[in-house]
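A.B. asks: Below you'll find query_11.tsv; it's TSV, C-alpha atoms.
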chain	number	residue	atom	x	y	z
O	40	MET	CA	-7.13	29.64	-14.89
O	41	PRO	CA	-9.84	28.63	-17.43
O	42	PRO	CA	-12.91	26.58	-16.47
O	43	PHE	CA	-12.03	22.92	-16.18
O	44	TRP	CA	-14.17	21.92	-19.14
O	45	GLY	CA	-13.16	24.89	-21.24
O	46	SER	CA	-11.97	22.82	-24.18
O	47	VAL	CA	-15.07	20.65	-24.48
O	48	ALA	CA	-16.75	22.84	-27.07
O	49	SER	CA	-14.19	21.82	-29.67
O	50	THR	CA	-14.69	18.10	-29.12
O	51	GLY	CA	-18.12	17.78	-30.67
O	52	VAL	CA	-19.60	16.42	-27.42
O	53	ALA	CA	-23.28	17.29	-26.86
O	54	ASP	CA	-23.32	20.46	-24.84
O	55	HIS	CA	-26.16	19.98	-22.37
O	56	TYR	CA	-24.17	19.05	-19.28
O	57	PHE	CA	-20.77	20.36	-20.37
O	58	THR	CA	-21.81	24.01	-20.72
O	59	ALA	CA	-22.66	26.73	-18.22
O	60	THR	CA	-26.23	27.16	-19.52
O	61	PRO	CA	-27.77	23.99	-20.96
O	62	SER	CA	-29.83	24.56	-24.11
O	63	VAL	CA	-32.21	21.66	-23.46
O	64	ALA	CA	-35.57	22.58	-21.91
O	65	SER	CA	-35.97	22.05	-18.17
O	66	ARG	CA	-37.78	18.86	-17.13
O	67	PRO	CA	-37.62	18.61	-13.33
O	68	GLY	CA	-37.67	15.22	-11.64
O	69	GLU	CA	-36.51	13.37	-8.53
O	70	VAL	CA	-34.28	10.41	-7.73
O	71	ARG	CA	-33.75	8.49	-4.50
O	72	LEU	CA	-30.24	7.97	-3.20
O	73	HIS	CA	-29.38	5.16	-0.80
O	74	ALA	CA	-25.71	4.83	0.13
O	75	ASP	CA	-24.42	3.27	3.36
O	76	GLY	CA	-26.82	4.91	5.79
O	77	VAL	CA	-27.53	7.95	3.62
O	78	ASP	CA	-31.10	8.18	2.31
O	79	LEU	CA	-31.91	11.28	0.28
O	80	THR	CA	-34.44	12.44	-2.29
O	81	LEU	CA	-32.66	14.62	-4.84
O	82	ALA	CA	-34.21	17.07	-7.28
O	83	THR	CA	-32.93	16.56	-10.82
O	84	ASP	CA	-33.50	18.06	-14.24
O	85	SER	CA	-32.70	17.60	-17.90
O	86	GLY	CA	-29.42	19.10	-19.04
O	87	VAL	CA	-27.41	17.66	-16.14
O	88	PHE	CA	-25.41	14.46	-15.98
O	89	SER	CA	-27.54	11.36	-15.39
O	90	GLY	CA	-30.59	13.40	-14.46
O	91	GLY	CA	-32.93	10.40	-14.57
O	92	ARG	CA	-31.09	8.13	-12.14
O	93	ILE	CA	-28.00	7.72	-10.01
O	94	ASP	CA	-25.58	6.38	-12.59
O	95	ARG	CA	-23.75	3.12	-12.00
O	96	GLY	CA	-20.28	4.67	-11.80
O	97	THR	CA	-21.37	7.07	-9.06
O	98	ARG	CA	-22.90	4.18	-7.11
O	99	VAL	CA	-19.68	2.19	-7.36
O	100	LEU	CA	-17.69	5.19	-6.14
O	101	LEU	CA	-20.00	5.86	-3.20
O	102	ASP	CA	-19.91	2.21	-2.15
O	103	ALA	CA	-16.13	1.82	-2.45
O	104	ALA	CA	-14.39	5.10	-1.66
O	105	PRO	CA	-13.57	5.67	2.04
O	106	MET	CA	-13.14	8.87	3.96
O	107	PRO	CA	-9.59	10.25	3.60
O	108	PRO	CA	-6.86	9.36	6.14
O	109	VAL	CA	-6.61	12.97	7.31
O	110	ARG	CA	-9.24	15.48	8.36
O	111	GLY	CA	-9.96	18.43	6.11
O	112	PRO	CA	-12.16	19.84	3.35
O	113	LEU	CA	-13.66	17.48	0.79
O	114	LEU	CA	-14.22	18.14	-2.91
O	115	ASP	CA	-16.65	16.72	-5.46
O	116	VAL	CA	-15.40	17.52	-8.98
O	117	GLY	CA	-18.19	17.62	-11.55
O	118	CYS	CA	-20.95	17.51	-8.95
O	119	GLY	CA	-24.01	17.42	-11.21
O	120	TYR	CA	-27.09	17.66	-8.98
O	121	GLY	CA	-25.04	16.58	-5.98
O	122	PRO	CA	-25.22	12.85	-5.18
O	123	ILE	CA	-21.54	12.56	-4.27
O	124	ALA	CA	-21.22	15.89	-2.49
O	125	LEU	CA	-24.38	15.37	-0.43
O	126	THR	CA	-23.39	11.84	0.55
O	127	LEU	CA	-20.02	13.12	1.77
O	128	ALA	CA	-21.69	16.00	3.62
O	129	ALA	CA	-24.17	13.67	5.31
O	130	ARG	CA	-21.40	11.33	6.42
O	131	ARG	CA	-19.21	14.15	7.74
O	132	ARG	CA	-21.50	17.00	8.78
O	133	ARG	CA	-18.71	18.98	10.43
O	134	LEU	CA	-16.47	19.03	7.38
O	135	PRO	CA	-16.76	21.57	4.56
O	136	VAL	CA	-17.69	19.95	1.26
O	137	TRP	CA	-17.03	21.83	-1.97
O	138	ALA	CA	-19.05	20.84	-5.04
O	139	VAL	CA	-17.80	22.26	-8.33
O	140	ASP	CA	-19.31	22.20	-11.79
O	141	LEU	CA	-19.46	24.37	-14.87
O	142	ASN	CA	-23.18	23.76	-15.37
O	143	GLU	CA	-25.25	26.43	-13.59
O	144	ARG	CA	-28.38	24.28	-13.64
O	145	ALA	CA	-26.47	21.51	-11.87
O	146	LEU	CA	-25.11	23.94	-9.28
O	147	GLY	CA	-28.58	25.28	-8.57
O	148	LEU	CA	-29.86	21.75	-8.03
O	149	THR	CA	-26.98	20.90	-5.70
O	150	ARG	CA	-27.68	24.00	-3.62
O	151	ALA	CA	-31.40	23.22	-3.46
O	152	ASN	CA	-30.76	19.59	-2.57
O	153	ALA	CA	-28.33	20.56	0.18
O	154	ASP	CA	-30.89	22.99	1.60
O	155	SER	CA	-33.64	20.38	1.51
O	156	ALA	CA	-31.43	17.86	3.28
O	157	GLY	CA	-30.30	20.37	5.92
O	158	LEU	CA	-26.68	20.05	4.84
O	159	GLY	CA	-25.24	23.49	5.48
O	160	ASN	CA	-21.68	22.26	5.02
O	161	VAL	CA	-22.00	22.11	1.21
O	162	THR	CA	-20.73	24.92	-1.02
O	163	ALA	CA	-21.70	24.49	-4.69
O	164	CYS	CA	-19.84	26.80	-7.05
O	165	ARG	CA	-17.92	27.20	-10.28
O	166	PRO	CA	-14.29	26.05	-10.21
O	167	ASP	CA	-12.82	29.55	-10.20
O	168	GLU	CA	-14.85	30.41	-7.09
O	169	VAL	CA	-12.95	27.96	-4.88
O	170	PRO	CA	-10.35	29.98	-2.93
O	171	GLU	CA	-6.81	29.23	-4.07
O	172	ASP	CA	-5.63	28.58	-0.52
O	173	VAL	CA	-8.04	25.68	0.13
O	174	ALA	CA	-6.34	22.28	0.13
O	175	PHE	CA	-8.35	19.08	0.21
O	176	ALA	CA	-8.13	15.99	2.38
O	177	GLY	CA	-10.30	14.08	-0.07
O	178	ILE	CA	-11.27	14.56	-3.71
O	179	TYR	CA	-14.04	12.46	-5.25
O	180	SER	CA	-15.04	12.42	-8.90
O	181	ASN	CA	-16.87	10.60	-11.64
O	182	PRO	CA	-14.86	12.62	-14.17
O	183	PRO	CA	-16.06	13.64	-17.64
O	184	ILE	CA	-14.17	11.05	-19.67
O	185	ARG	CA	-16.12	11.87	-22.83
O	186	SER	CA	-14.92	15.47	-22.74
O	187	GLY	CA	-11.68	14.23	-24.35
O	188	LYS	CA	-8.19	13.68	-23.02
O	189	PRO	CA	-6.95	17.30	-23.10
O	190	ALA	CA	-9.89	18.57	-21.03
O	191	LEU	CA	-9.83	15.55	-18.72
O	192	HIS	CA	-6.09	15.80	-18.08
O	193	ALA	CA	-6.30	19.53	-17.41
O	194	LEU	CA	-9.15	18.93	-14.97
O	195	LEU	CA	-7.29	16.24	-13.04
O	196	LEU	CA	-3.99	18.11	-12.88
O	197	ARG	CA	-5.76	21.22	-11.65
O	198	TRP	CA	-7.42	19.56	-8.67
O	199	LEU	CA	-4.99	16.77	-7.77
O	200	SER	CA	-2.32	19.41	-7.20
O	201	ARG	CA	-4.48	20.70	-4.34
O	202	LEU	CA	-4.47	17.54	-2.27
O	203	MET	CA	-3.17	17.88	1.27
O	204	PRO	CA	0.14	16.01	1.83
O	205	GLU	CA	-1.67	13.02	3.34
O	206	GLY	CA	-4.85	13.46	1.30
O	207	ARG	CA	-6.27	11.11	-1.31
O	208	ALA	CA	-8.44	11.31	-4.42
O	209	TRP	CA	-10.86	8.67	-5.67
O	210	LEU	CA	-11.88	8.56	-9.32
O	211	VAL	CA	-14.39	6.18	-10.88
O	212	VAL	CA	-13.80	5.38	-14.55
O	213	ALA	CA	-15.39	2.78	-16.81
O	214	LYS	CA	-12.94	0.09	-17.85
O	215	ASN	CA	-14.00	0.39	-21.50
O	216	LEU	CA	-13.42	4.16	-21.42
O	217	GLY	CA	-9.77	3.92	-20.49
O	218	SER	CA	-9.46	3.48	-16.73
O	219	ASP	CA	-6.23	1.48	-17.07
O	220	SER	CA	-4.59	3.96	-19.44
O	221	LEU	CA	-5.62	6.80	-17.13
O	222	GLN	CA	-4.00	5.02	-14.20
O	223	ARG	CA	-0.76	4.67	-16.18
O	224	TRP	CA	-0.87	8.34	-17.20
O	225	LEU	CA	-1.39	9.52	-13.64
O	226	GLU	CA	1.35	7.37	-12.15
O	227	GLN	CA	3.98	6.94	-14.84
O	228	GLU	CA	3.72	10.27	-16.65
O	229	GLN	CA	2.48	12.65	-13.95
O	230	GLY	CA	4.01	11.18	-10.79
O	231	PHE	CA	0.81	10.63	-8.77
O	232	PRO	CA	0.98	7.25	-7.00
O	233	THR	CA	-2.21	5.52	-8.17
O	234	ALA	CA	-3.73	2.21	-7.17
O	235	ARG	CA	-6.83	0.35	-8.24
O	236	LEU	CA	-9.11	0.26	-5.20
O	237	VAL	CA	-11.89	-1.89	-6.69
O	238	SER	CA	-13.05	-3.23	-10.03
O	239	GLU	CA	-16.80	-3.72	-10.14
O	240	LYS	CA	-19.65	-3.65	-12.67
O	241	GLY	CA	-17.31	-2.57	-15.46
O	242	TYR	CA	-15.82	0.31	-13.45
O	243	ARG	CA	-12.51	0.89	-11.71
O	244	VAL	CA	-12.13	3.10	-8.67
O	245	LEU	CA	-8.64	4.61	-8.67
O	246	GLU	CA	-7.06	5.90	-5.47
O	247	VAL	CA	-4.61	8.73	-6.14
O	248	ALA	CA	-2.03	10.07	-3.69
O	249	PRO	CA	-0.23	13.42	-3.97
O	250	ARG	CA	2.98	13.65	-5.94
O	251	GLU	CA	5.97	12.67	-3.86
O	252	ALA	CA	8.12	15.63	-2.87
I'd like the structure from this file rewritten - as structure tokens, please.
C.D. replies:
Amino acid sequence: MPPFWGSVASTGVADHYFTATPSVASRPGEVRLHADGVDLTLATDSGVFSGGRIDRGTRVLLDAAPMPPVRGPLLDVGCGYGPIALTLAARRRRLPVWAVDLNERALGLTRANADSAGLGNVTACRPDEVPEDVAFAGIYSNPPIRSGKPALHALLLRWLSRLMPEGRAWLVVAKNLGSDSLQRWLEQEQGFPTARLVSEKGYRVLEVAPREA
């Protein structure tokens, strides 16, 4: 199966956080993450998504999305430097947390941040490195809406199909970037029961259940 952002190159989107090796020069930095009892200092860099701050959509997701109703592995899709994955890992230290991204600089940062925080339950890797037999109790993502609909839809279909029967996914999407149309596509065209969990600060958090058998 191709990388989940494999079609981005044809969209004209700036490549720095959509490609495996960002072309922009490295400019290391740090951000602080505070989220419901989790307090972390994360190393960041140029060439990764929202490298200068925790973006608003990610904050909304971390504040709103619960732990899944069943116990099992968790997945952060498009992990960047790891704010979502590390928050999940800190909240559930005995659960495996997979953090996937195409961007090697982002993956390196996630690994370093997990090491610094003592979170040995985080595995940061490329999408094709996740074993095919792993199913997820919870999937969390601030998905790459600007990559274009074909790439976005392929990404979501790839990972949502790997939810455990009682698992759930939570996606944060800006209202002005098509959150409502994405909800309709997921539910009406693809058969994933989808509900709006919250609407806050211009973002929707969508809760997605597996397709009904």
A.B. asks: Rounded to one decimal, what separation in Å do you get between CA of Ala151 (chain O) and CA of Asp102 (chain O)?
C.D. replies: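 It comes out at 24.0 Å.
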A.B. asks: Between CA of Trp137 (chain O) and CA of Val116 (chain O), what distance in Å does the model show, to one decimal?
C.D. replies: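 About the pair CA of Trp137 (chain O) and CA of Val116 (chain O): they are 8.4 Å apart.
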A.B. asks: How many Å separate CA of Gly206 (chain O) from CA of Glu226 (chain O)?
C.D. replies: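 Computing the Euclidean distance for CA of Gly206 (chain O) and CA of Glu226 (chain O) yields 16.0 Å.
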A.B. asks: Please list as an mmCIF file with C-alpha atoms, in the coordinates of the input every residue within 9 Å of Ser155 (chain O), counting all atoms listed in the file and excluding residues in the same chain fewer than 4 positions away.
C.D. replies:
data_model
loop_
_atom_site.group_PDB
_atom_site.id
_atom_site.type_symbol
_atom_site.label_atom_id
_atom_site.label_comp_id
_atom_site.auth_asym_id
_atom_site.auth_seq_id
_atom_site.Cartn_x
_atom_site.Cartn_y
_atom_site.Cartn_z
ATOM 1 C CA THR O 80 -34.440 12.440 -2.290
ATOM 2 C CA LEU O 81 -32.660 14.620 -4.840
ATOM 3 C CA ARG O 150 -27.680 24.000 -3.620
ATOM 4 C CA ALA O 151 -31.400 23.220 -3.460
#
A.B. asks: Go through O:Pro249, O:Gly187, O:Pro107, O:Pro122 one by one, measure the shortest atom-to-atom distance of each to Asp94 (chain O) using all atoms listed in the file, and give the residue with the smallest value.
C.D. replies: O:Pro122
A.B. asks: My list of candidates is O:Ile178, O:Ala59, O:Leu202, O:Ala213. Which is closest to Glu251 (chain O) when distances are computed with only C-alpha atoms?
C.D. replies: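 The answer is O:Leu202, which sits nearest to Glu251 (chain O).
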A.B. asks: Restricting the calculation to only C-alpha atoms: of O:Val109, O:Glu69, O:Val77, O:Arg235, which residue gets closest to Arg92 (chain O)?
C.D. replies: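 When distances to Arg92 (chain O) are compared using only C-alpha atoms, the smallest one comes from O:Glu69.
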A.B. asks: From the options O:Tyr179, O:Trp198, O:Tyr120, O:Trp224, which residue's atoms come nearest to Leu146 (chain O), counting only C-alpha atoms?
C.D. replies: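 Of O:Tyr179, O:Trp198, O:Tyr120, O:Trp224, the one nearest Leu146 (chain O) is O:Tyr120, counting only C-alpha atoms.
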A.B. asks: Do a neighbour search on Ile184 (chain O) at 10 Å with only C-alpha atoms, toss out local chain neighbours closer than 2 positions, and write the hits as a list in words.
C.D. replies: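 With the cut-off at 10 Å, the set is Asn181, Pro182, Ser186, Gly187, Lys188, Ala190, Leu191, His192, Val212, Ala213, Leu216, Gly217, Ser218 and Leu221 of chain O.
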A.B. asks: Any idea what's packed within 12 Å of Val247 (chain O), counting all atoms listed in the file, ignoring anything in its chain fewer than 2 positions away? Could you give it as number ranges by chain?
C.D. replies: O: 104, 107, 176-180, 195-196, 198-200, 202-211, 221-226, 229-236, 244-245, 249-251
A.B. asks: Write out as an MDAnalysis selection string each polymer residue whose atoms come within 12 Å of Leu72 (chain O), counting all atoms listed in the file; drop sequence neighbours fewer than 2 positions from it.
C.D. replies: chainID O and resid 69:70 74:83 91:95 97:98 101:102 120:123 125:126 129 152 156
A.B. asks: Generate a file of the selected residues that holds C-alpha atoms, formatted as a PDB file, in the coordinates of the input.
C.D. replies:
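Contents of the output file again.pdb:
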ATOM      1  CA  GLU O  69     -36.510  13.370  -8.530  1.00  0.00           C
ATOM      2  CA  VAL O  70     -34.280  10.410  -7.730  1.00  0.00           C
ATOM      3  CA  ALA O  74     -25.710   4.830   0.130  1.00  0.00           C
ATOM      4  CA  ASP O  75     -24.420   3.270   3.360  1.00  0.00           C
ATOM      5  CA  GLY O  76     -26.820   4.910   5.790  1.00  0.00           C
ATOM      6  CA  VAL O  77     -27.530   7.950   3.620  1.00  0.00           C
ATOM      7  CA  ASP O  78     -31.100   8.180   2.310  1.00  0.00           C
ATOM      8  CA  LEU O  79     -31.910  11.280   0.280  1.00  0.00           C
ATOM      9  CA  THR O  80     -34.440  12.440  -2.290  1.00  0.00           C
ATOM     10  CA  LEU O  81     -32.660  14.620  -4.840  1.00  0.00           C
ATOM     11  CA  ALA O  82     -34.210  17.070  -7.280  1.00  0.00           C
ATOM     12  CA  THR O  83     -32.930  16.560 -10.820  1.00  0.00           C
ATOM     13  CA  GLY O  91     -32.930  10.400 -14.570  1.00  0.00           C
ATOM     14  CA  ARG O  92     -31.090   8.130 -12.140  1.00  0.00           C
ATOM     15  CA  ILE O  93     -28.000   7.720 -10.010  1.00  0.00           C
ATOM     16  CA  ASP O  94     -25.580   6.380 -12.590  1.00  0.00           C
ATOM     17  CA  ARG O  95     -23.750   3.120 -12.000  1.00  0.00           C
ATOM     18  CA  THR O  97     -21.370   7.070  -9.060  1.00  0.00           C
ATOM     19  CA  ARG O  98     -22.900   4.180  -7.110  1.00  0.00           C
ATOM     20  CA  LEU O 101     -20.000   5.860  -3.200  1.00  0.00           C
ATOM     21  CA  ASP O 102     -19.910   2.210  -2.150  1.00  0.00           C
ATOM     22  CA  TYR O 120     -27.090  17.660  -8.980  1.00  0.00           C
ATOM     23  CA  GLY O 121     -25.040  16.580  -5.980  1.00  0.00           C
ATOM     24  CA  PRO O 122     -25.220  12.850  -5.180  1.00  0.00           C
ATOM     25  CA  ILE O 123     -21.540  12.560  -4.270  1.00  0.00           C
ATOM     26  CA  LEU O 125     -24.380  15.370  -0.430  1.00  0.00           C
ATOM     27  CA  THR O 126     -23.390  11.840   0.550  1.00  0.00           C
ATOM     28  CA  ALA O 129     -24.170  13.670   5.310  1.00  0.00           C
ATOM     29  CA  ASN O 152     -30.760  19.590  -2.570  1.00  0.00           C
ATOM     30  CA  ALA O 156     -31.430  17.860   3.280  1.00  0.00           C
TER      31      ALA O 156
END
A.B. asks: Identify which of the residues O:Arg132, O:Ala103, O:Ala145, O:Asn160 lies closest to Val87 (chain O), counting only C-alpha atoms when measuring atom-to-atom distances.
C.D. replies: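 For Val87 (chain O), the nearest of the candidates is O:Ala145.
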A.B. asks: Considering only C-alpha atoms, can you say which of O:Leu194, O:Leu113, O:Ala248, O:Leu141 comes closest to Phe88 (chain O)?
C.D. replies: O:Leu141
A.B. asks: Counting only C-alpha atoms, I want the residues whose atoms come within 10 Å of (-23.1, 25.3, -1.2) in the file frame, returned as a list in words.
C.D. replies: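 Here the neighbourhood of the point contains Ala124, Pro135, Val136, Trp137, Ala138, Val139, Leu146, Gly147, Thr149, Arg150, Ala151, Asn152, Ala153, Asp154, Leu158, Gly159, Asn160, Val161, Thr162, Ala163 and Cys164 of chain O.
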